[in-house]
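Report on one structure; see the data block that follows.
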Amino acid sequence: MEVTRLRPSFPELYMDLAHKLAERSTCKRLNVGTVITSVDFRKVLAVGYNGNASGLPNECDRDEAGNCGCLHSEENAVINCDSPRYIEKIVFVTHLPCVACAKRLINLGGVRKIYYAQDYRSRQSLEILKQVGIEVEQLVPAI
């Protein structure tokens with residue numbers, strides 16, 4: 001008897017990877033992970049998670065929410081992405097990007113769609129991303 005298994009979709013796989021990357025976060029308040037892929041899902045172009053800069057202590061600089069000093073996961077993924085602007089990209093983030101990270105992803109170039117799992121405390125980035133034609137979709141992990 002053949003056992004049938006459910007094959008996860010590529011968006012589900014990459015969101016799972018974003019969640020695994022978030023486990024490396026050193027931020028005390030919120031652990032966030034990001035994966036940037038090609039639009040055909042065949043290549044991972046960059047990854048990131050939030051935390052302090054390389055070489056600095058693996059801890060927040062301050063206890064203030066939204067100003068702890070950690071680099072955001074999207075920011076680190078953009079820094080790590082050496083794919084040219086004209087290459088189309090899909091982004092997977094465990095949390096809806098903040099306004100600043102939405103702008104960073106816009107300037108990365110080629111971002112066609114952003115999947116996120118959980119809402120962020122501010123949803124202002126949705127309007128900014130919509131203005132430049134980047135599609136945003138919430139992808140809630142299957143339980």
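Numbering starts fresh at 1 for the residues of each chain in the structure tokens, the chains themselves are lettered A, B, ... in the order given, and ligands are numbered from 1 as they appear.
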
Open item on the list: With only C-alpha atoms as the counted atoms, please give the residues lying no more than 6 Å from stretch 4-19 of chain A, apart from itself and same-chain residues fewer than 4 positions off, as a list in words.
Closed with: Gly33, Thr34, Val35 and Phe92 of chain A

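Closest approach to A:Glu64 among A:Leu21, A:Leu30, A:Val111, A:Val140: A:Leu30, based on only C-alpha atoms.
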
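Using only C-alpha atoms for every distance, the candidate list A:Val44, A:Cys27, A:Ile79, A:Val93 yields A:Cys27 as the residue closest to A:Ala65.
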
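Note that the spacing between atom CA of A:Gly69 and atom CA of A:Thr26 amounts to 11.1 Å.
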
Nearby residues (only C-alpha atoms) at most 9 Å from stretch 114-125 of chain A, same-chain spacing under 2 positions excluded, as an mmCIF file with N, CA and C atoms, in the first residue's frame:
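Below is the file out_9.cif, written as the result:
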```
data_model
loop_
_atom_site.group_PDB
_atom_site.id
_atom_site.type_symbol
_atom_site.label_atom_id
_atom_site.label_comp_id
_atom_site.auth_asym_id
_atom_site.auth_seq_id
_atom_site.Cartn_x
_atom_site.Cartn_y
_atom_site.Cartn_z
ATOM 1 N N PRO A 11 5.951 28.374 -1.571
ATOM 2 C CA PRO A 11 5.777 29.427 -0.561
ATOM 3 C C PRO A 11 5.769 28.886 0.869
ATOM 4 N N MET A 15 8.567 29.910 3.646
ATOM 5 C CA MET A 15 8.116 30.529 4.897
ATOM 6 C C MET A 15 8.620 29.713 6.085
ATOM 7 N N LYS A 89 12.143 39.065 -7.928
ATOM 8 C CA LYS A 89 12.325 38.393 -6.654
ATOM 9 C C LYS A 89 10.999 38.219 -5.912
ATOM 10 N N ILE A 90 10.964 37.189 -5.068
ATOM 11 C CA ILE A 90 9.873 36.962 -4.131
ATOM 12 C C ILE A 90 10.493 36.995 -2.736
ATOM 13 N N VAL A 91 9.812 37.628 -1.784
ATOM 14 C CA VAL A 91 10.330 37.763 -0.423
ATOM 15 C C VAL A 91 9.371 37.070 0.546
ATOM 16 N N PHE A 92 9.947 36.329 1.480
ATOM 17 C CA PHE A 92 9.199 35.645 2.532
ATOM 18 C C PHE A 92 9.697 36.181 3.864
ATOM 19 N N VAL A 93 8.790 36.726 4.677
ATOM 20 C CA VAL A 93 9.163 37.304 5.970
ATOM 21 C C VAL A 93 8.198 36.773 7.027
ATOM 22 N N THR A 94 8.719 36.453 8.180
ATOM 23 C CA THR A 94 7.865 35.924 9.239
ATOM 24 C C THR A 94 6.871 36.968 9.741
ATOM 25 N N HIS A 95 7.210 38.251 9.574
ATOM 26 C CA HIS A 95 6.329 39.340 10.021
ATOM 27 C C HIS A 95 6.214 40.379 8.914
ATOM 28 N N LEU A 96 5.081 41.039 8.834
ATOM 29 C CA LEU A 96 4.897 42.121 7.873
ATOM 30 C C LEU A 96 6.020 43.135 8.046
ATOM 31 N N PRO A 97 6.702 43.520 6.969
ATOM 32 C CA PRO A 97 7.796 44.483 7.101
ATOM 33 C C PRO A 97 7.316 45.840 7.628
ATOM 34 N N CYS A 98 8.197 46.484 8.400
ATOM 35 C CA CYS A 98 7.930 47.856 8.836
ATOM 36 C C CYS A 98 8.095 48.780 7.626
ATOM 37 N N VAL A 99 7.768 50.037 7.779
ATOM 38 C CA VAL A 99 7.862 51.005 6.684
ATOM 39 C C VAL A 99 9.290 51.095 6.147
ATOM 40 N N ALA A 100 10.271 51.199 7.035
ATOM 41 C CA ALA A 100 11.666 51.330 6.594
ATOM 42 C C ALA A 100 12.113 50.101 5.806
ATOM 43 N N CYS A 101 11.732 48.918 6.249
ATOM 44 C CA CYS A 101 12.123 47.702 5.537
ATOM 45 C C CYS A 101 11.367 47.554 4.220
ATOM 46 N N ALA A 102 10.116 48.014 4.187
ATOM 47 C CA ALA A 102 9.381 48.026 2.919
ATOM 48 C C ALA A 102 10.135 48.881 1.904
ATOM 49 N N LYS A 103 10.629 50.020 2.345
ATOM 50 C CA LYS A 103 11.386 50.903 1.449
ATOM 51 C C LYS A 103 12.706 50.264 1.031
ATOM 52 N N VAL A 111 11.511 43.258 -6.703
ATOM 53 C CA VAL A 111 10.609 42.525 -5.802
ATOM 54 C C VAL A 111 9.197 42.574 -6.380
ATOM 55 N N ARG A 112 8.643 41.411 -6.655
ATOM 56 C CA ARG A 112 7.300 41.317 -7.242
ATOM 57 C C ARG A 112 6.252 41.010 -6.187
ATOM 58 N N GLU A 127 0.399 50.116 2.323
ATOM 59 C CA GLU A 127 0.066 51.183 1.370
ATOM 60 C C GLU A 127 1.285 51.568 0.532
ATOM 61 N N ILE A 128 2.430 51.641 1.160
ATOM 62 C CA ILE A 128 3.665 51.991 0.441
ATOM 63 C C ILE A 128 3.983 50.941 -0.618
ATOM 64 N N LEU A 129 3.885 49.680 -0.250
ATOM 65 C CA LEU A 129 4.166 48.600 -1.196
ATOM 66 C C LEU A 129 3.150 48.577 -2.333
ATOM 67 N N LYS A 130 1.908 48.849 -2.003
ATOM 68 C CA LYS A 130 0.854 48.908 -3.019
ATOM 69 C C LYS A 130 1.132 50.021 -4.032
ATOM 70 N N ILE A 134 4.003 46.296 -5.605
ATOM 71 C CA ILE A 134 4.464 45.041 -5.011
ATOM 72 C C ILE A 134 3.279 44.377 -4.320
ATOM 73 N N GLU A 135 2.971 43.174 -4.747
ATOM 74 C CA GLU A 135 1.870 42.407 -4.165
ATOM 75 C C GLU A 135 2.284 41.887 -2.796
ATOM 76 N N VAL A 136 1.373 41.907 -1.857
ATOM 77 C CA VAL A 136 1.626 41.422 -0.502
ATOM 78 C C VAL A 136 0.533 40.419 -0.132
ATOM 79 N N GLU A 137 0.960 39.277 0.405
ATOM 80 C CA GLU A 137 -0.002 38.246 0.792
ATOM 81 C C GLU A 137 0.390 37.641 2.134
ATOM 82 N N GLN A 138 -0.592 37.537 3.014
ATOM 83 C CA GLN A 138 -0.340 36.875 4.286
ATOM 84 C C GLN A 138 -0.445 35.374 4.061
ATOM 85 N N LEU A 139 0.571 34.671 4.523
ATOM 86 C CA LEU A 139 0.644 33.210 4.389
ATOM 87 C C LEU A 139 0.735 32.649 5.803
ATOM 88 N N VAL A 140 -0.405 32.257 6.325
ATOM 89 C CA VAL A 140 -0.446 31.723 7.684
ATOM 90 C C VAL A 140 0.003 30.271 7.649
ATOM 91 N N PRO A 141 0.985 29.924 8.485
ATOM 92 C CA PRO A 141 1.461 28.523 8.483
ATOM 93 C C PRO A 141 0.358 27.547 8.864
#
```

TODO: Within stretch 8-125 of chain A, find each residue whose DSSP state, derived from the backbone, is alpha helix (DSSP H), and express the selection as number ranges by chain.
DONE: A: 10-22, 73-80, 99-108, 125

Once you have the residues from the selection above, write them out as a PDB file, in the first residue's frame, restricted to C-alpha atoms.
```
ATOM      1  CA  PHE A  10       7.230  26.439  -2.458  1.00  0.00           C
ATOM      2  CA  PRO A  11       5.777  29.427  -0.561  1.00  0.00           C
ATOM      3  CA  GLU A  12       5.150  27.150   2.432  1.00  0.00           C
ATOM      4  CA  LEU A  13       8.692  25.754   2.258  1.00  0.00           C
ATOM      5  CA  TYR A  14      10.317  29.180   2.117  1.00  0.00           C
ATOM      6  CA  MET A  15       8.116  30.529   4.897  1.00  0.00           C
ATOM      7  CA  ASP A  16       9.194  27.540   6.997  1.00  0.00           C
ATOM      8  CA  LEU A  17      12.812  28.463   6.214  1.00  0.00           C
ATOM      9  CA  ALA A  18      12.146  32.068   7.258  1.00  0.00           C
ATOM     10  CA  HIS A  19      10.795  30.783  10.582  1.00  0.00           C
ATOM     11  CA  LYS A  20      13.878  28.573  11.069  1.00  0.00           C
ATOM     12  CA  LEU A  21      16.135  31.554  10.329  1.00  0.00           C
ATOM     13  CA  ALA A  22      14.212  33.604  12.914  1.00  0.00           C
ATOM     14  CA  SER A  73      15.875  40.647   9.070  1.00  0.00           C
ATOM     15  CA  GLU A  74      14.791  42.253   5.785  1.00  0.00           C
ATOM     16  CA  GLU A  75      17.686  44.700   6.098  1.00  0.00           C
ATOM     17  CA  ASN A  76      20.167  41.852   6.545  1.00  0.00           C
ATOM     18  CA  ALA A  77      18.660  39.927   3.619  1.00  0.00           C
ATOM     19  CA  VAL A  78      18.933  43.025   1.382  1.00  0.00           C
ATOM     20  CA  ILE A  79      22.571  43.460   2.468  1.00  0.00           C
ATOM     21  CA  ASN A  80      23.212  39.785   1.647  1.00  0.00           C
ATOM     22  CA  VAL A  99       7.862  51.005   6.684  1.00  0.00           C
ATOM     23  CA  ALA A 100      11.666  51.330   6.594  1.00  0.00           C
ATOM     24  CA  CYS A 101      12.123  47.702   5.537  1.00  0.00           C
ATOM     25  CA  ALA A 102       9.381  48.026   2.919  1.00  0.00           C
ATOM     26  CA  LYS A 103      11.386  50.903   1.449  1.00  0.00           C
ATOM     27  CA  ARG A 104      14.585  48.839   1.583  1.00  0.00           C
ATOM     28  CA  LEU A 105      12.854  46.020  -0.299  1.00  0.00           C
ATOM     29  CA  ILE A 106      11.564  48.516  -2.869  1.00  0.00           C
ATOM     30  CA  ASN A 107      15.098  49.828  -3.415  1.00  0.00           C
ATOM     31  CA  LEU A 108      16.457  46.287  -3.721  1.00  0.00           C
ATOM     32  CA  SER A 125       3.932  49.436   4.848  1.00  0.00           C
TER      33      SER A 125
END
```

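Note that atom CA of A:Arg62 and atom CA of A:Asn50 are 14.3 Å apart.
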
- [ ] Determine which residues of chain A DSSP labels as strand (DSSP E) from the backbone of this structure, then write them out as a PyMOL selection string.
- [x] chain A and resi 33-38+44-49+89-95+111-118+135-138

Open item on the list: One number please: atom CA of A:Cys68 to atom CA of A:Gly51, in Å, one decimal.
Closed with: 9.4 Å
